[in-house]
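Dropping work.cif in here (mmCIF, C-alpha atoms, pLDDT in the B column; chains and numbers go by the auth columns):
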```
data_input
loop_
_atom_site.group_PDB
_atom_site.id
_atom_site.type_symbol
_atom_site.label_atom_id
_atom_site.label_comp_id
_atom_site.label_asym_id
_atom_site.label_seq_id
_atom_site.Cartn_x
_atom_site.Cartn_y
_atom_site.Cartn_z
_atom_site.B_iso_or_equiv
_atom_site.auth_seq_id
_atom_site.auth_asym_id
ATOM 1 C CA MET A 1 196.228 120.778 54.564 97.00 1 M
ATOM 2 C CA LYS A 2 198.554 119.560 57.301 98.00 2 M
ATOM 3 C CA LEU A 3 200.392 121.715 59.818 98.00 3 M
ATOM 4 C CA HIS A 4 203.658 120.533 61.392 98.00 4 M
ATOM 5 C CA LEU A 5 204.437 122.266 64.689 98.00 5 M
ATOM 6 C CA LEU A 6 208.234 122.501 64.680 98.00 6 M
ATOM 7 C CA GLY A 7 208.875 125.282 67.209 98.00 7 M
ATOM 8 C CA ILE A 8 206.208 126.661 69.519 98.00 8 M
ATOM 9 C CA ASN A 9 208.040 128.808 72.086 98.00 9 M
ATOM 10 C CA GLY A 10 208.799 132.493 72.358 98.00 10 M
ATOM 11 C CA PRO A 11 210.670 134.617 73.052 98.00 11 M
ATOM 12 C CA PHE A 12 213.047 131.843 74.152 98.00 12 M
ATOM 13 C CA PRO A 13 212.779 128.038 74.039 98.00 13 M
ATOM 14 C CA GLU A 14 212.085 125.611 76.825 98.00 14 M
ATOM 15 C CA SER A 15 214.714 122.930 77.494 97.00 15 M
ATOM 16 C CA GLY A 16 215.139 120.976 74.260 97.00 16 M
ATOM 17 C CA GLY A 17 212.641 123.243 72.526 98.00 17 M
ATOM 18 C CA ALA A 18 212.578 125.673 69.635 98.00 18 M
ATOM 19 C CA THR A 19 211.002 129.037 69.013 98.00 19 M
ATOM 20 C CA SER A 20 208.463 129.826 66.295 98.00 20 M
ATOM 21 C CA GLY A 21 208.421 127.636 63.196 98.00 21 M
ATOM 22 C CA TYR A 22 205.576 125.865 61.368 99.00 22 M
ATOM 23 C CA LEU A 23 205.528 123.819 58.155 98.00 23 M
ATOM 24 C CA LEU A 24 202.262 123.800 56.216 98.00 24 M
ATOM 25 C CA GLU A 25 201.495 121.174 53.584 98.00 25 M
ATOM 26 C CA ALA A 26 199.059 122.855 51.187 97.00 26 M
ATOM 27 C CA GLY A 27 198.247 120.734 48.163 93.00 27 M
ATOM 28 C CA GLU A 28 201.501 120.240 46.270 92.00 28 M
ATOM 29 C CA SER A 29 203.252 123.013 48.197 97.00 29 M
ATOM 30 C CA LEU A 30 205.297 123.233 51.375 98.00 30 M
ATOM 31 C CA PHE A 31 205.184 126.598 53.113 98.00 31 M
ATOM 32 C CA GLN A 32 207.487 127.297 56.041 98.00 32 M
ATOM 33 C CA PHE A 33 206.154 129.961 58.400 99.00 33 M
ATOM 34 C CA ASP A 34 208.905 131.523 60.527 99.00 34 M
ATOM 35 C CA LEU A 35 212.265 129.946 61.242 98.00 35 M
ATOM 36 C CA GLY A 36 213.158 130.610 64.857 98.00 36 M
ATOM 37 C CA SER A 37 215.928 129.229 67.019 98.00 37 M
ATOM 38 C CA GLY A 38 216.212 125.439 66.685 98.00 38 M
ATOM 39 C CA VAL A 39 213.662 125.112 63.871 98.00 39 M
ATOM 40 C CA LEU A 40 216.016 124.447 60.946 98.00 40 M
ATOM 41 C CA GLY A 41 217.148 121.080 62.290 98.00 41 M
ATOM 42 C CA ARG A 42 213.557 119.983 62.845 98.00 42 M
ATOM 43 C CA LEU A 43 212.594 121.100 59.341 98.00 43 M
ATOM 44 C CA THR A 44 215.563 119.191 57.925 98.00 44 M
ATOM 45 C CA ALA A 45 214.274 116.026 59.615 98.00 45 M
ATOM 46 C CA LEU A 46 211.113 116.322 57.491 98.00 46 M
ATOM 47 C CA THR A 47 212.395 117.635 54.167 98.00 47 M
ATOM 48 C CA ALA A 48 215.358 119.332 52.538 98.00 48 M
ATOM 49 C CA PRO A 49 214.878 122.984 53.568 98.00 49 M
ATOM 50 C CA GLU A 50 215.772 124.213 50.088 97.00 50 M
ATOM 51 C CA SER A 51 212.879 122.168 48.686 96.00 51 M
ATOM 52 C CA VAL A 52 210.131 124.157 50.419 98.00 52 M
ATOM 53 C CA THR A 53 208.005 126.253 48.104 98.00 53 M
ATOM 54 C CA ALA A 54 208.626 129.422 50.119 98.00 54 M
ATOM 55 C CA LEU A 55 209.626 130.746 53.509 98.00 55 M
ATOM 56 C CA PHE A 56 207.187 133.224 55.058 98.00 56 M
ATOM 57 C CA LEU A 57 208.320 135.395 57.958 99.00 57 M
ATOM 58 C CA SER A 58 205.778 137.181 60.119 98.00 58 M
ATOM 59 C CA HIS A 59 208.505 139.592 61.278 98.00 59 M
ATOM 60 C CA TRP A 60 212.230 139.730 61.882 98.00 60 M
ATOM 61 C CA HIS A 61 212.562 139.272 65.643 98.00 61 M
ATOM 62 C CA PHE A 62 215.202 136.674 66.464 98.00 62 M
ATOM 63 C CA ASP A 63 212.765 134.149 67.927 98.00 63 M
ATOM 64 C CA HIS A 64 211.093 134.032 64.491 98.00 64 M
ATOM 65 C CA ALA A 65 214.134 134.337 62.244 98.00 65 M
ATOM 66 C CA ALA A 66 217.211 133.166 64.189 98.00 66 M
ATOM 67 C CA ASP A 67 217.846 130.163 61.930 98.00 67 M
ATOM 68 C CA VAL A 68 217.642 132.179 58.699 98.00 68 M
ATOM 69 C CA PRO A 69 221.378 133.072 58.643 98.00 69 M
ATOM 70 C CA VAL A 70 222.213 129.405 59.298 98.00 70 M
ATOM 71 C CA LEU A 71 219.907 128.386 56.446 98.00 71 M
ATOM 72 C CA MET A 72 221.940 130.723 54.250 98.00 72 M
ATOM 73 C CA TYR A 73 224.997 128.532 54.765 98.00 73 M
ATOM 74 C CA ARG A 74 223.069 125.467 53.621 98.00 74 M
ATOM 75 C CA LEU A 75 221.700 127.250 50.574 98.00 75 M
ATOM 76 C CA GLU A 76 225.214 128.384 49.657 97.00 76 M
ATOM 77 C CA ALA A 77 226.492 124.809 49.939 97.00 77 M
ATOM 78 C CA MET A 78 223.585 123.447 47.875 96.00 78 M
ATOM 79 C CA LYS A 79 223.791 126.322 45.365 97.00 79 M
ATOM 80 C CA GLN A 80 220.064 126.960 45.808 97.00 80 M
ATOM 81 C CA VAL A 81 217.902 130.077 45.959 98.00 81 M
ATOM 82 C CA LEU A 82 214.879 130.167 48.268 98.00 82 M
ATOM 83 C CA PRO A 83 211.897 132.515 47.898 98.00 83 M
ATOM 84 C CA VAL A 84 211.279 134.505 51.086 98.00 84 M
ATOM 85 C CA TYR A 85 208.162 136.590 51.787 98.00 85 M
ATOM 86 C CA ALA A 86 208.318 138.998 54.721 98.00 86 M
ATOM 87 C CA PRO A 87 207.546 142.555 55.821 98.00 87 M
ATOM 88 C CA GLU A 88 210.104 145.253 55.117 98.00 88 M
ATOM 89 C CA ASP A 89 212.128 146.257 58.170 98.00 89 M
ATOM 90 C CA ALA A 90 215.235 148.230 57.310 97.00 90 M
ATOM 91 C CA ASP A 91 216.174 148.401 61.015 98.00 91 M
ATOM 92 C CA SER A 92 216.616 144.618 61.153 98.00 92 M
ATOM 93 C CA SER A 93 220.095 143.242 60.522 97.00 93 M
ATOM 94 C CA PHE A 94 218.486 139.976 59.387 98.00 94 M
ATOM 95 C CA PHE A 95 216.327 141.816 56.853 98.00 95 M
ATOM 96 C CA ARG A 96 219.405 143.540 55.485 98.00 96 M
ATOM 97 C CA LEU A 97 221.287 140.224 55.326 97.00 97 M
ATOM 98 C CA VAL A 98 218.527 138.460 53.410 98.00 98 M
ATOM 99 C CA SER A 99 218.090 141.469 51.127 97.00 99 M
ATOM 100 C CA SER A 100 221.750 141.325 50.132 97.00 100 M
ATOM 101 C CA SER A 101 222.221 137.542 49.899 98.00 101 M
ATOM 102 C CA ALA A 102 222.098 135.793 46.522 97.00 102 M
ATOM 103 C CA CYS A 103 220.688 132.721 48.308 97.00 103 M
ATOM 104 C CA PHE A 104 217.353 134.405 48.985 98.00 104 M
ATOM 105 C CA ASP A 105 214.781 135.819 46.606 98.00 105 M
ATOM 106 C CA LEU A 106 213.145 138.312 48.971 98.00 106 M
ATOM 107 C CA LYS A 107 209.705 139.719 48.256 98.00 107 M
ATOM 108 C CA THR A 108 208.358 142.230 50.778 98.00 108 M
ATOM 109 C CA LEU A 109 204.756 142.034 51.938 98.00 109 M
ATOM 110 C CA LYS A 110 202.317 144.364 53.653 98.00 110 M
ATOM 111 C CA SER A 111 198.822 144.023 55.056 98.00 111 M
ATOM 112 C CA GLY A 112 196.252 143.566 52.296 98.00 112 M
ATOM 113 C CA ASP A 113 198.602 141.891 49.828 98.00 113 M
ATOM 114 C CA ARG A 114 197.357 138.737 48.110 98.00 114 M
ATOM 115 C CA LEU A 115 199.260 136.125 46.175 97.00 115 M
ATOM 116 C CA SER A 116 198.629 132.824 44.446 97.00 116 M
ATOM 117 C CA LEU A 117 201.417 130.356 45.019 96.00 117 M
ATOM 118 C CA GLY A 118 201.630 126.637 44.377 90.00 118 M
ATOM 119 C CA GLY A 119 197.868 126.175 44.181 93.00 119 M
ATOM 120 C CA ALA A 120 197.156 128.163 47.358 97.00 120 M
ATOM 121 C CA GLU A 121 195.677 131.615 47.848 98.00 121 M
ATOM 122 C CA ILE A 122 197.502 133.628 50.503 98.00 122 M
ATOM 123 C CA THR A 123 196.277 136.840 52.096 98.00 123 M
ATOM 124 C CA VAL A 124 198.517 139.037 54.231 98.00 124 M
ATOM 125 C CA ASN A 125 196.876 140.349 57.408 98.00 125 M
ATOM 126 C CA ALA A 126 197.726 143.171 59.779 98.00 126 M
ATOM 127 C CA ALA A 127 199.413 142.584 63.136 98.00 127 M
ATOM 128 C CA ARG A 128 200.233 144.889 66.063 98.00 128 M
ATOM 129 C CA HIS A 129 203.771 144.408 67.339 98.00 129 M
ATOM 130 C CA PRO A 130 206.720 146.706 68.182 98.00 130 M
ATOM 131 C CA VAL A 131 208.279 146.075 64.745 98.00 131 M
ATOM 132 C CA PRO A 132 206.729 145.702 61.262 98.00 132 M
ATOM 133 C CA ALA A 133 204.749 142.452 61.467 98.00 133 M
ATOM 134 C CA ILE A 134 202.070 140.575 59.549 98.00 134 M
ATOM 135 C CA GLY A 135 199.862 137.499 59.750 98.00 135 M
ATOM 136 C CA PHE A 136 198.741 135.083 57.056 98.00 136 M
ATOM 137 C CA ARG A 137 195.599 133.411 55.780 98.00 137 M
ATOM 138 C CA VAL A 138 196.054 130.438 53.432 98.00 138 M
ATOM 139 C CA SER A 139 193.237 128.833 51.445 98.00 139 M
ATOM 140 C CA CYS A 140 193.756 125.599 49.551 97.00 140 M
ATOM 141 C CA GLU A 141 191.464 122.768 48.428 94.00 141 M
ATOM 142 C CA GLY A 142 188.458 124.159 50.297 96.00 142 M
ATOM 143 C CA LYS A 143 190.224 124.624 53.650 98.00 143 M
ATOM 144 C CA THR A 144 191.590 127.733 55.325 98.00 144 M
ATOM 145 C CA PHE A 145 194.522 128.122 57.706 98.00 145 M
ATOM 146 C CA GLY A 146 195.248 131.298 59.656 98.00 146 M
ATOM 147 C CA TYR A 147 198.414 132.346 61.466 99.00 147 M
ATOM 148 C CA THR A 148 198.362 135.585 63.451 98.00 148 M
ATOM 149 C CA GLY A 149 202.101 135.857 63.947 98.00 149 M
ATOM 150 C CA ASP A 150 202.891 138.035 66.953 98.00 150 M
ATOM 151 C CA THR A 151 200.132 140.535 67.649 98.00 151 M
ATOM 152 C CA ASN A 152 198.093 142.277 70.269 98.00 152 M
ATOM 153 C CA THR A 153 194.472 143.286 69.698 98.00 153 M
ATOM 154 C CA LEU A 154 193.388 144.884 66.424 97.00 154 M
ATOM 155 C CA PRO A 155 189.851 145.668 65.204 97.00 155 M
ATOM 156 C CA SER A 156 190.564 143.882 61.903 98.00 156 M
ATOM 157 C CA LEU A 157 191.613 140.512 63.329 98.00 157 M
ATOM 158 C CA ALA A 158 188.171 138.869 63.512 98.00 158 M
ATOM 159 C CA LYS A 159 187.439 139.802 59.912 98.00 159 M
ATOM 160 C CA ASP A 160 190.897 138.775 58.715 98.00 160 M
ATOM 161 C CA TYR A 161 190.560 135.260 60.171 98.00 161 M
ATOM 162 C CA ARG A 162 186.829 134.803 59.555 98.00 162 M
ATOM 163 C CA GLY A 163 185.883 131.143 59.161 98.00 163 M
ATOM 164 C CA CYS A 164 189.393 129.669 59.388 98.00 164 M
ATOM 165 C CA ASP A 165 189.259 125.904 59.837 98.00 165 M
ATOM 166 C CA LEU A 166 192.493 126.043 61.841 98.00 166 M
ATOM 167 C CA LEU A 167 193.693 129.209 63.566 98.00 167 M
ATOM 168 C CA LEU A 168 197.223 129.297 64.945 98.00 168 M
ATOM 169 C CA ALA A 169 197.261 132.266 67.295 98.00 169 M
ATOM 170 C CA ASP A 170 199.690 134.083 69.521 98.00 170 M
ATOM 171 C CA GLY A 171 198.381 133.622 73.074 98.00 171 M
ATOM 172 C CA LEU A 172 201.476 134.081 75.190 97.00 172 M
ATOM 173 C CA PHE A 173 200.050 135.755 78.290 98.00 173 M
ATOM 174 C CA PRO A 174 197.641 134.633 80.991 98.00 174 M
ATOM 175 C CA ALA A 175 194.866 137.179 81.525 97.00 175 M
ATOM 176 C CA SER A 176 196.357 138.323 84.834 97.00 176 M
ATOM 177 C CA VAL A 177 199.547 139.502 83.118 96.00 177 M
ATOM 178 C CA TRP A 178 198.209 140.894 79.829 97.00 178 M
ATOM 179 C CA THR A 179 197.859 144.643 79.305 96.00 179 M
ATOM 180 C CA GLU A 180 196.911 146.759 76.307 95.00 180 M
ATOM 181 C CA ASP A 181 200.526 147.774 75.700 95.00 181 M
ATOM 182 C CA LYS A 182 201.895 144.210 75.614 97.00 182 M
ATOM 183 C CA PRO A 183 203.330 142.855 72.329 97.00 183 M
ATOM 184 C CA HIS A 184 201.133 139.723 72.384 98.00 184 M
ATOM 185 C CA LEU A 185 197.592 138.516 72.945 98.00 185 M
ATOM 186 C CA SER A 186 196.593 136.597 76.041 98.00 186 M
ATOM 187 C CA ALA A 187 195.267 133.057 75.665 98.00 187 M
ATOM 188 C CA GLU A 188 191.839 134.398 76.618 98.00 188 M
ATOM 189 C CA LEU A 189 191.980 137.056 73.887 98.00 189 M
ATOM 190 C CA ALA A 190 193.133 134.481 71.344 98.00 190 M
ATOM 191 C CA ALA A 191 190.047 132.454 72.233 98.00 191 M
ATOM 192 C CA ARG A 192 187.831 135.520 71.933 98.00 192 M
ATOM 193 C CA LEU A 193 189.334 136.120 68.497 98.00 193 M
ATOM 194 C CA ALA A 194 188.510 132.542 67.461 98.00 194 M
ATOM 195 C CA GLU A 195 184.918 132.977 68.674 98.00 195 M
ATOM 196 C CA ASP A 196 184.454 136.355 67.000 98.00 196 M
ATOM 197 C CA ALA A 197 185.942 135.011 63.765 98.00 197 M
ATOM 198 C CA GLY A 198 183.828 131.858 63.797 98.00 198 M
ATOM 199 C CA ALA A 199 187.000 129.816 63.511 98.00 199 M
ATOM 200 C CA GLY A 200 187.147 126.060 63.957 98.00 200 M
ATOM 201 C CA GLN A 201 190.109 124.669 65.871 98.00 201 M
ATOM 202 C CA LEU A 202 192.238 127.180 67.782 98.00 202 M
ATOM 203 C CA VAL A 203 195.873 126.368 68.501 98.00 203 M
ATOM 204 C CA ILE A 204 197.589 128.667 70.982 98.00 204 M
ATOM 205 C CA THR A 205 201.276 129.106 70.316 98.00 205 M
ATOM 206 C CA HIS A 206 204.287 131.334 71.079 98.00 206 M
ATOM 207 C CA LEU A 207 204.408 129.751 74.516 98.00 207 M
ATOM 208 C CA ASN A 208 206.661 131.410 77.057 98.00 208 M
ATOM 209 C CA PRO A 209 208.159 128.694 79.319 98.00 209 M
ATOM 210 C CA VAL A 210 207.499 130.992 82.300 97.00 210 M
ATOM 211 C CA PHE A 211 203.716 130.507 82.047 98.00 211 M
ATOM 212 C CA PRO A 212 202.134 127.061 82.638 97.00 212 M
ATOM 213 C CA PRO A 213 200.389 125.976 79.415 97.00 213 M
ATOM 214 C CA GLU A 214 197.607 124.247 81.364 96.00 214 M
ATOM 215 C CA ALA A 215 196.529 127.587 82.811 97.00 215 M
ATOM 216 C CA LEU A 216 196.490 129.175 79.354 98.00 216 M
ATOM 217 C CA LEU A 217 194.404 126.315 78.001 98.00 217 M
ATOM 218 C CA LYS A 218 191.874 126.596 80.822 97.00 218 M
ATOM 219 C CA GLU A 219 191.409 130.320 80.218 98.00 219 M
ATOM 220 C CA ALA A 220 191.015 129.842 76.471 98.00 220 M
ATOM 221 C CA ARG A 221 188.591 126.932 76.621 97.00 221 M
ATOM 222 C CA PHE A 222 186.248 128.953 78.798 96.00 222 M
ATOM 223 C CA LEU A 223 185.521 130.973 75.647 96.00 223 M
ATOM 224 C CA HIS A 224 186.330 128.585 72.782 98.00 224 M
ATOM 225 C CA ARG A 225 185.962 124.875 73.502 97.00 225 M
ATOM 226 C CA ASP A 226 187.824 123.676 70.415 98.00 226 M
ATOM 227 C CA THR A 227 191.182 124.922 71.667 98.00 227 M
ATOM 228 C CA ARG A 228 194.477 123.168 72.145 98.00 228 M
ATOM 229 C CA ILE A 229 197.938 124.214 73.210 98.00 229 M
ATOM 230 C CA ALA A 230 200.643 123.840 70.565 98.00 230 M
ATOM 231 C CA ARG A 231 202.989 120.928 71.160 98.00 231 M
ATOM 232 C CA ALA A 232 206.210 120.606 69.204 98.00 232 M
ATOM 233 C CA GLY A 233 206.227 117.607 66.875 97.00 233 M
ATOM 234 C CA GLU A 234 202.449 117.432 66.436 98.00 234 M
ATOM 235 C CA ILE A 235 200.852 117.263 63.000 98.00 235 M
ATOM 236 C CA LEU A 236 197.420 118.863 62.755 98.00 236 M
ATOM 237 C CA GLU A 237 194.827 118.441 59.995 94.00 237 M
ATOM 238 C CA CYS A 238 193.189 121.506 58.612 90.00 238 M
#
```
Written as structure tokens, how would this file's structure read?
Amino acid sequence: MKLHLLGINGPFPESGGATSGYLLEAGESLFQFDLGSGVLGRLTALTAPESVTALFLSHWHFDHAADVPVLMYRLEAMKQVLPVYAPEDADSSFFRLVSSSACFDLKTLKSGDRLSLGGAEITVNAARHPVPAIGFRVSCEGKTFGYTGDTNTLPSLAKDYRGCDLLLADGLFPASVWTEDKPHLSAELAARLAEDAGAGQLVITHLNPVFPPEALLKEARFLHRDTRIARAGEILEC
């Protein structure tokens, strides 16, 4: 599998950046995970967005779904329907829009769901965030990719991402800022998750431009040496 890092910021982009969005090549399939602000144009540079196998949304916050309404305009123009997999969130205006649009074939997901799609096995994992949110585990051709989405600590996380070859994890906060009631992990906690899960490469994402990425990387590598900070435009092998 190959992972294209399209947007790596949150909750707002750095100059010239984009918020959460990741394209995963899994066998014959193309899975788009999240479609935040600025991601659609970067996806379009790689492939026609309507050609992806499915769009997976970890949750409906704007920094993960801002480009979905814009994608709707393209789908209308191309007369295409795109499968979308996401948690149910009736309080989200974007969820209601996608639910009512003929351009999207929306299938709601919850923790514990499993699906086979395009030669890949996908498991839906729990996440802890202020709104309904999920993470994903994708297995294909003997490799496993994990994406936590936005989450703080949960007892199930290490089990959910056990043995992932590549773990893309929310690690927004430095340790000095993180608290138990925050909506995200710290970089240090993301590294602890990777260690506890026996994961291979850890990629810390959802980078807030306020916090220097070098400091996050230093904290994470103290616990998990095979760690890198997400950089937009990179392609990673899983």
Where is the centre and how long are the edges: axis-aligned box on range 152-170 of chain M, 6 Å on each side, Å to one decimal, as JSON:
```
{"center_x": 192.8, "center_y": 135.8, "center_z": 64.5, "size_x": 25.8, "size_y": 31.8, "size_z": 23.6}
```
Dump as JSON lines the rows for residues of range 105-129 of chain M within 10 Å of range 89-98 of chain M: closest atom pair and distance in Å with one decimal, only C-alpha atoms counted, ordered by chain and rising residue number.
```
{"residue": "M:Asp105", "atom": "CA", "partner": "M:Val98", "partner_atom": "CA", "distance": 8.2}
{"residue": "M:Leu106", "atom": "CA", "partner": "M:Val98", "partner_atom": "CA", "distance": 7.0}
{"residue": "M:Thr108", "atom": "CA", "partner": "M:Asp89", "partner_atom": "CA", "distance": 9.2}
```
Distance criterion (all atoms listed in the file): nearest to Phe62 in chain M out of M:Leu23, M:Ala194, M:Ala77, M:Val39: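 For Phe62 in chain M, the nearest of the candidates is M:Val39.
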Output of the PyMOL selection byres ((chain M and resi 168) around 12), listed as a ChimeraX atom specification: /M:3-5,8,20-22,24,33,135-138,144-151,161,164-167,169-171,187,190-191,193-194,199-207,227-231,236,238
Expansion of the PyMOL selection byres ((chain M and resi 111-121) around 6) into residues, as a PyMOL selection string: chain M and resi 29+110+122-126+138-140
For CA of Ile235 in chain M and CA of Leu57 in chain M, the interatomic separation in Å (one decimal): 20.2 Å
Distance of CA of Leu189 in chain M from CA of Arg221 in chain M, expressed in Å to one decimal place: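 Between CA of Arg221 in chain M and CA of Leu189 in chain M the gap works out to 11.0 Å.
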For CA of Glu180 in chain M and CA of Glu219 in chain M, the interatomic separation in Å (one decimal):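 Pair CA of Glu180 in chain M / CA of Glu219 in chain M returns 17.8 Å.
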Just the residues within 12 Å of range 42-45 of chain M, please, counting all atoms listed in the file, with nothing from its chain fewer than 6 positions along; format it as a PDB file with C-alpha atoms, keeping the file's coordinate frame.
```pdb
ATOM      1  CA  HIS M   4     203.658 120.533  61.392  1.00 98.00           C
ATOM      2  CA  LEU M   5     204.437 122.266  64.689  1.00 98.00           C
ATOM      3  CA  LEU M   6     208.234 122.501  64.680  1.00 98.00           C
ATOM      4  CA  GLY M   7     208.875 125.282  67.209  1.00 98.00           C
ATOM      5  CA  ILE M   8     206.208 126.661  69.519  1.00 98.00           C
ATOM      6  CA  GLY M  16     215.139 120.976  74.260  1.00 97.00           C
ATOM      7  CA  GLY M  17     212.641 123.243  72.526  1.00 98.00           C
ATOM      8  CA  ALA M  18     212.578 125.673  69.635  1.00 98.00           C
ATOM      9  CA  THR M  19     211.002 129.037  69.013  1.00 98.00           C
ATOM     10  CA  SER M  20     208.463 129.826  66.295  1.00 98.00           C
ATOM     11  CA  GLY M  21     208.421 127.636  63.196  1.00 98.00           C
ATOM     12  CA  TYR M  22     205.576 125.865  61.368  1.00 99.00           C
ATOM     13  CA  LEU M  23     205.528 123.819  58.155  1.00 98.00           C
ATOM     14  CA  LEU M  24     202.262 123.800  56.216  1.00 98.00           C
ATOM     15  CA  LEU M  30     205.297 123.233  51.375  1.00 98.00           C
ATOM     16  CA  PHE M  31     205.184 126.598  53.113  1.00 98.00           C
ATOM     17  CA  GLN M  32     207.487 127.297  56.041  1.00 98.00           C
ATOM     18  CA  PHE M  33     206.154 129.961  58.400  1.00 99.00           C
ATOM     19  CA  ASP M  34     208.905 131.523  60.527  1.00 99.00           C
ATOM     20  CA  LEU M  35     212.265 129.946  61.242  1.00 98.00           C
ATOM     21  CA  GLY M  36     213.158 130.610  64.857  1.00 98.00           C
ATOM     22  CA  SER M  51     212.879 122.168  48.686  1.00 96.00           C
ATOM     23  CA  VAL M  52     210.131 124.157  50.419  1.00 98.00           C
ATOM     24  CA  LEU M  55     209.626 130.746  53.509  1.00 98.00           C
ATOM     25  CA  ASP M  67     217.846 130.163  61.930  1.00 98.00           C
ATOM     26  CA  LEU M  71     219.907 128.386  56.446  1.00 98.00           C
ATOM     27  CA  ARG M  74     223.069 125.467  53.621  1.00 98.00           C
ATOM     28  CA  ALA M 232     206.210 120.606  69.204  1.00 98.00           C
ATOM     29  CA  GLY M 233     206.227 117.607  66.875  1.00 97.00           C
ATOM     30  CA  GLU M 234     202.449 117.432  66.436  1.00 98.00           C
TER      31      GLU M 234
END
```
Chain and number of each residue from the PyMOL selection byres ((chain M and resi 132) around 8), as a list in words: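 That selection, the PyMOL selection byres ((chain M and resi 132) around 8), comes back as His59, Pro87, Glu88, Asp89, His129, Pro130, Val131, Ala133 and Ile134 of chain M.
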Top pick for closest residue to Leu40 in chain M, considering M:Glu25, M:Val68, M:Ala54, M:Met78 and counting all atoms listed in the file: M:Val68
Take range 168-219 of chain M from the preceding structure and save C-alpha atoms as a JSON list (two decimals), in the first residue's frame.
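This is the output file result.json:
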```
[["chain", "number", "residue", "atom", "x", "y", "z"],
["M", 168, "LEU", "CA", -1.08, 7.55, 11.10],
["M", 169, "ALA", "CA", -1.94, 9.08, 14.45],
["M", 170, "ASP", "CA", -3.34, 12.29, 15.83],
["M", 171, "GLY", "CA", -0.53, 13.84, 17.90],
["M", 172, "LEU", "CA", -1.42, 17.51, 17.92],
["M", 173, "PHE", "CA", -0.24, 18.57, 21.38],
["M", 174, "PRO", "CA", 3.17, 18.76, 23.03],
["M", 175, "ALA", "CA", 3.18, 17.03, 26.41],
["M", 176, "SER", "CA", 3.28, 20.35, 28.27],
["M", 177, "VAL", "CA", -0.08, 21.40, 26.82],
["M", 178, "TRP", "CA", -1.98, 18.09, 26.75],
["M", 179, "THR", "CA", -4.61, 17.31, 29.39],
["M", 180, "GLU", "CA", -7.06, 14.45, 29.83],
["M", 181, "ASP", "CA", -9.98, 16.58, 28.63],
["M", 182, "LYS", "CA", -8.32, 17.66, 25.36],
["M", 183, "PRO", "CA", -9.82, 16.47, 22.04],
["M", 184, "HIS", "CA", -6.50, 15.07, 20.77],
["M", 185, "LEU", "CA", -3.51, 12.97, 21.77],
["M", 186, "SER", "CA", -0.11, 14.49, 22.40],
["M", 187, "ALA", "CA", 2.81, 13.43, 20.22],
["M", 188, "GLU", "CA", 4.20, 11.57, 23.23],
["M", 189, "LEU", "CA", 0.94, 9.66, 23.71],
["M", 190, "ALA", "CA", 0.79, 8.83, 20.01],
["M", 191, "ALA", "CA", 4.26, 7.33, 20.37],
["M", 192, "ARG", "CA", 3.20, 5.39, 23.46],
["M", 193, "LEU", "CA", 0.26, 4.06, 21.46],
["M", 194, "ALA", "CA", 2.61, 2.90, 18.68],
["M", 195, "GLU", "CA", 4.83, 1.15, 21.24],
["M", 196, "ASP", "CA", 1.93, -0.50, 23.06],
["M", 197, "ALA", "CA", 0.42, -1.62, 19.75],
["M", 198, "GLY", "CA", 3.71, -2.98, 18.42],
["M", 199, "ALA", "CA", 3.27, -0.81, 15.35],
["M", 200, "GLY", "CA", 5.97, -0.22, 12.76],
["M", 201, "GLN", "CA", 6.31, 3.29, 11.39],
["M", 202, "LEU", "CA", 4.44, 6.04, 13.25],
["M", 203, "VAL", "CA", 3.42, 9.18, 11.38],
["M", 204, "ILE", "CA", 2.20, 12.04, 13.56],
["M", 205, "THR", "CA", -0.39, 14.20, 11.88],
["M", 206, "HIS", "CA", -3.12, 16.79, 12.54],
["M", 207, "LEU", "CA", -0.37, 19.34, 13.09],
["M", 208, "ASN", "CA", -1.41, 22.65, 14.59],
["M", 209, "PRO", "CA", 0.78, 25.41, 13.09],
["M", 210, "VAL", "CA", 1.07, 26.91, 16.59],
["M", 211, "PHE", "CA", 3.29, 24.04, 17.81],
["M", 212, "PRO", "CA", 6.77, 23.47, 16.31],
["M", 213, "PRO", "CA", 6.81, 20.03, 14.65],
["M", 214, "GLU", "CA", 10.44, 19.46, 15.63],
["M", 215, "ALA", "CA", 9.47, 19.54, 19.31],
["M", 216, "LEU", "CA", 6.67, 17.04, 18.71],
["M", 217, "LEU", "CA", 9.04, 14.73, 16.87],
["M", 218, "LYS", "CA", 11.61, 14.86, 19.66],
["M", 219, "GLU", "CA", 9.02, 13.95, 22.28]]
```
